[in-house]
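Structure first, commentary second.
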Amino acid sequence: MDKVMNTALFSKRKATGLREEQGFDGRVVLYPSDQNLKDYLSWRQADCHVNNLYNTVFWTLVQRGGLTPAQAQKQLQGTLAGDKNEILFSQFNINYNNEPLIYRKGTVLVWQKADQIIKKKIKIPEETEEKEVEVIRPRTTTVPFHCDIIGDHFWDQYPEILADDS
């Protein structure tokens with residue numbers, strides 16, 4: 001998918017295999033407190049979990065259970081998380097808790113500082129040839145995490161996320 005999106009976004013060619021334009025839902029919001037921000041992000045992760053559980057059961061019913069999308073939707077109508085977990089386990093021997101975290105928790109991108117080692121050619125006075133040396137440069141990069149951000153463990157592990165940069 002990454003290659004397809006790069007082709008579509010950067011070369012202005014029409015991406016093949018995509019049925020519609022791809023998009024990204026992003027927002028910039030100022031929250032009055034760190035706790036409000038943590039509550040919002042926790043809600044987003046819980047929403048990711050709810051949506052993925054539904055989609056996992058829906059598509060398993062269609063692809064492995066032989067139901068039509070309309071039949072799968074009707075079977076899932078009014079079900080709770082426990083009901084969906086029971087369908088997965090009893091009918092398909094799938095324990096949803098064993099599904100990869102990327103699907104159950106989503107992806108959290110965190111800015112982190114890291115040293116980047118590069119090789120640079122320098123000219124030393126009174127020497128005829130350039131010399132290659134390693135130079136360490138501090139860089140900030142995004143790091144993807146697939147973990148639980150609802151509890152305090154994540155926030156205790158990465159306090160710099162909520163640190164005041166001023």
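Residue names in the structure tokens use chain letters A, B, ... in the order shown, residue numbers from 1 in each chain, and ligand numbers from 1 in the order shown.
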
Residues near Ile87 of chain A, anyone? I mean within 12 Å using only C-alpha atoms, not counting same-chain ones fewer than 3 positions away, as a PDB file with N, CA, C and O atoms, in the first residue's frame.
ATOM      1  N   LEU A  53     -12.866  -4.696  16.165  1.00  0.00           N
ATOM      2  CA  LEU A  53     -13.559  -5.913  16.589  1.00  0.00           C
ATOM      3  C   LEU A  53     -14.748  -6.181  15.675  1.00  0.00           C
ATOM      4  O   LEU A  53     -14.937  -7.298  15.190  1.00  0.00           O
ATOM      5  N   TYR A  54     -15.544  -5.152  15.412  1.00  0.00           N
ATOM      6  CA  TYR A  54     -16.694  -5.311  14.517  1.00  0.00           C
ATOM      7  C   TYR A  54     -16.233  -5.777  13.134  1.00  0.00           C
ATOM      8  O   TYR A  54     -16.769  -6.747  12.590  1.00  0.00           O
ATOM      9  N   THR A  56     -13.439  -7.214  12.223  1.00  0.00           N
ATOM     10  CA  THR A  56     -12.853  -8.554  12.258  1.00  0.00           C
ATOM     11  C   THR A  56     -13.947  -9.616  12.206  1.00  0.00           C
ATOM     12  O   THR A  56     -13.870 -10.567  11.421  1.00  0.00           O
ATOM     13  N   VAL A  57     -14.982  -9.449  13.016  1.00  0.00           N
ATOM     14  CA  VAL A  57     -16.080 -10.424  13.025  1.00  0.00           C
ATOM     15  C   VAL A  57     -16.841 -10.373  11.709  1.00  0.00           C
ATOM     16  O   VAL A  57     -17.143 -11.412  11.109  1.00  0.00           O
ATOM     17  N   PHE A  58     -17.141  -9.167  11.236  1.00  0.00           N
ATOM     18  CA  PHE A  58     -17.906  -9.006   9.991  1.00  0.00           C
ATOM     19  C   PHE A  58     -17.224  -9.732   8.840  1.00  0.00           C
ATOM     20  O   PHE A  58     -17.829 -10.564   8.156  1.00  0.00           O
ATOM     21  N   THR A  60     -14.814 -11.941   8.902  1.00  0.00           N
ATOM     22  CA  THR A  60     -14.646 -13.373   9.139  1.00  0.00           C
ATOM     23  C   THR A  60     -15.943 -14.105   8.797  1.00  0.00           C
ATOM     24  O   THR A  60     -15.915 -15.180   8.182  1.00  0.00           O
ATOM     25  N   LEU A  61     -17.080 -13.522   9.165  1.00  0.00           N
ATOM     26  CA  LEU A  61     -18.372 -14.124   8.810  1.00  0.00           C
ATOM     27  C   LEU A  61     -18.546 -14.198   7.293  1.00  0.00           C
ATOM     28  O   LEU A  61     -19.069 -15.179   6.767  1.00  0.00           O
ATOM     29  N   GLY A  65     -17.116 -17.622   6.897  1.00  0.00           N
ATOM     30  CA  GLY A  65     -18.417 -18.178   7.273  1.00  0.00           C
ATOM     31  C   GLY A  65     -19.395 -18.285   6.118  1.00  0.00           C
ATOM     32  O   GLY A  65     -20.474 -18.860   6.262  1.00  0.00           O
ATOM     33  N   ALA A  72     -24.191 -10.850   7.356  1.00  0.00           N
ATOM     34  CA  ALA A  72     -23.241 -10.609   8.446  1.00  0.00           C
ATOM     35  C   ALA A  72     -23.655  -9.383   9.247  1.00  0.00           C
ATOM     36  O   ALA A  72     -23.616  -9.399  10.486  1.00  0.00           O
ATOM     37  N   GLN A  75     -26.578 -10.293  11.427  1.00  0.00           N
ATOM     38  CA  GLN A  75     -26.193 -11.133  12.562  1.00  0.00           C
ATOM     39  C   GLN A  75     -25.510 -10.310  13.655  1.00  0.00           C
ATOM     40  O   GLN A  75     -25.666 -10.594  14.832  1.00  0.00           O
ATOM     41  N   LEU A  76     -24.770  -9.296  13.270  1.00  0.00           N
ATOM     42  CA  LEU A  76     -24.040  -8.482  14.242  1.00  0.00           C
ATOM     43  C   LEU A  76     -24.872  -7.354  14.848  1.00  0.00           C
ATOM     44  O   LEU A  76     -24.460  -6.749  15.840  1.00  0.00           O
ATOM     45  N   THR A  79     -25.237  -6.564  18.770  1.00  0.00           N
ATOM     46  CA  THR A  79     -24.315  -7.364  19.580  1.00  0.00           C
ATOM     47  C   THR A  79     -23.367  -6.472  20.383  1.00  0.00           C
ATOM     48  O   THR A  79     -23.067  -5.351  19.983  1.00  0.00           O
ATOM     49  N   LEU A  80     -22.918  -7.006  21.477  1.00  0.00           N
ATOM     50  CA  LEU A  80     -21.919  -6.333  22.310  1.00  0.00           C
ATOM     51  C   LEU A  80     -20.562  -6.979  22.068  1.00  0.00           C
ATOM     52  O   LEU A  80     -20.464  -7.999  21.376  1.00  0.00           O
ATOM     53  N   ALA A  81     -19.517  -6.413  22.655  1.00  0.00           N
ATOM     54  CA  ALA A  81     -18.158  -6.931  22.447  1.00  0.00           C
ATOM     55  C   ALA A  81     -18.066  -8.408  22.828  1.00  0.00           C
ATOM     56  O   ALA A  81     -17.451  -9.205  22.110  1.00  0.00           O
ATOM     57  N   GLY A  82     -18.665  -8.786  23.938  1.00  0.00           N
ATOM     58  CA  GLY A  82     -18.632 -10.182  24.369  1.00  0.00           C
ATOM     59  C   GLY A  82     -19.271 -11.114  23.352  1.00  0.00           C
ATOM     60  O   GLY A  82     -18.787 -12.230  23.121  1.00  0.00           O
ATOM     61  N   ASP A  83     -20.372 -10.659  22.754  1.00  0.00           N
ATOM     62  CA  ASP A  83     -21.044 -11.458  21.718  1.00  0.00           C
ATOM     63  C   ASP A  83     -20.135 -11.649  20.506  1.00  0.00           C
ATOM     64  O   ASP A  83     -20.052 -12.744  19.943  1.00  0.00           O
ATOM     65  N   LYS A  84     -19.453 -10.589  20.116  1.00  0.00           N
ATOM     66  CA  LYS A  84     -18.558 -10.665  18.954  1.00  0.00           C
ATOM     67  C   LYS A  84     -17.381 -11.600  19.239  1.00  0.00           C
ATOM     68  O   LYS A  84     -16.994 -12.401  18.395  1.00  0.00           O
ATOM     69  N   SER A  90     -16.226 -19.317  19.069  1.00  0.00           N
ATOM     70  CA  SER A  90     -17.022 -20.543  18.943  1.00  0.00           C
ATOM     71  C   SER A  90     -17.169 -21.001  17.494  1.00  0.00           C
ATOM     72  O   SER A  90     -17.211 -22.201  17.231  1.00  0.00           O
ATOM     73  N   GLN A  91     -17.242 -20.067  16.558  1.00  0.00           N
ATOM     74  CA  GLN A  91     -17.455 -20.456  15.162  1.00  0.00           C
ATOM     75  C   GLN A  91     -16.158 -20.588  14.364  1.00  0.00           C
ATOM     76  O   GLN A  91     -16.107 -21.335  13.392  1.00  0.00           O
ATOM     77  N   PHE A  92     -15.107 -19.856  14.772  1.00  0.00           N
ATOM     78  CA  PHE A  92     -13.892 -19.823  13.943  1.00  0.00           C
ATOM     79  C   PHE A  92     -12.608 -20.106  14.732  1.00  0.00           C
ATOM     80  O   PHE A  92     -11.526 -20.016  14.181  1.00  0.00           O
ATOM     81  N   ASN A  93     -12.760 -20.394  16.026  1.00  0.00           N
ATOM     82  CA  ASN A  93     -11.612 -20.684  16.888  1.00  0.00           C
ATOM     83  C   ASN A  93     -10.580 -19.542  16.882  1.00  0.00           C
ATOM     84  O   ASN A  93      -9.376 -19.773  16.870  1.00  0.00           O
ATOM     85  N   ILE A  94     -11.077 -18.311  16.864  1.00  0.00           N
ATOM     86  CA  ILE A  94     -10.214 -17.123  16.896  1.00  0.00           C
ATOM     87  C   ILE A  94     -10.376 -16.441  18.249  1.00  0.00           C
ATOM     88  O   ILE A  94     -11.488 -16.065  18.630  1.00  0.00           O
ATOM     89  N   ASN A  95      -9.272 -16.305  18.965  1.00  0.00           N
ATOM     90  CA  ASN A  95      -9.274 -15.544  20.207  1.00  0.00           C
ATOM     91  C   ASN A  95      -8.847 -14.124  19.839  1.00  0.00           C
ATOM     92  O   ASN A  95      -7.679 -13.885  19.526  1.00  0.00           O
ATOM     93  N   TYR A  96      -9.791 -13.194  19.898  1.00  0.00           N
ATOM     94  CA  TYR A  96      -9.513 -11.817  19.480  1.00  0.00           C
ATOM     95  C   TYR A  96      -8.346 -11.208  20.263  1.00  0.00           C
ATOM     96  O   TYR A  96      -7.588 -10.401  19.726  1.00  0.00           O
TER      97      TYR A  96
END

**Message:** I need the residues of segment 18-126 of chain A that end up classed as strand (DSSP E) by DSSP on the backbone, written out as a PyMOL selection string.
**Reply:** chain A and resi 108-123

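Considering the residues A:Val133, A:Val50, A:Leu67, A:Leu41 and counting only C-alpha atoms, Val29 of chain A has its shortest atom-to-atom contact with A:Leu41.
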
**Request:** Please indicate the distance in Å from atom CA of Gln35 of chain A to atom CA of Phe154 of chain A, rounded to one decimal place.
**Result:** 13.6 Å

**Request:** With a distance cut-off of 9 Å and only C-alpha atoms, select the neighbouring residues of segment 112-129 of chain A, excluding the residue or stretch itself and same-chain residues fewer than 6 positions from it, and output the selection as a ChimeraX atom specification.
**Result:** /A:135-143,160-161

**Prompt:** Among chain A, which residues carry a DSSP assignment of helix (DSSP H, G or I), reported as a ChimeraX atom specification?
**Reply:** /A:2-10,34-63,69-76,81-92,96-98,101-105,152-157,159-161

**Request:** Excluding Ile102 of chain A and any residue of its chain fewer than 5 positions from it, enumerate the residues within 10 Å of it, using only C-alpha atoms, and give them as JSON, numbers by chain.
**Result:** {"A": [49, 107, 108, 144, 145, 146, 147]}

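A straight line drawn from atom CA of Gly106 of chain A to atom CA of Asn51 of chain A is 10.5 Å long.
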
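Summary of the local environment: counting only C-alpha atoms, residues at most 10 Å from Ser33 of chain A, other than itself and those fewer than 5 positions away along its chain, are Lys38, Asp39 and Leu162 of chain A.
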
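Counting only C-alpha atoms, the residue from A:Lys131, A:Arg44, A:Lys74, A:Arg27 that sits nearest to Asp148 of chain A is A:Arg44.
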
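If only C-alpha atoms are the atoms counted, then among A:Trp59, A:Phe89, A:Trp43, A:Trp155 the closest residue to Lys105 of chain A is A:Trp43.
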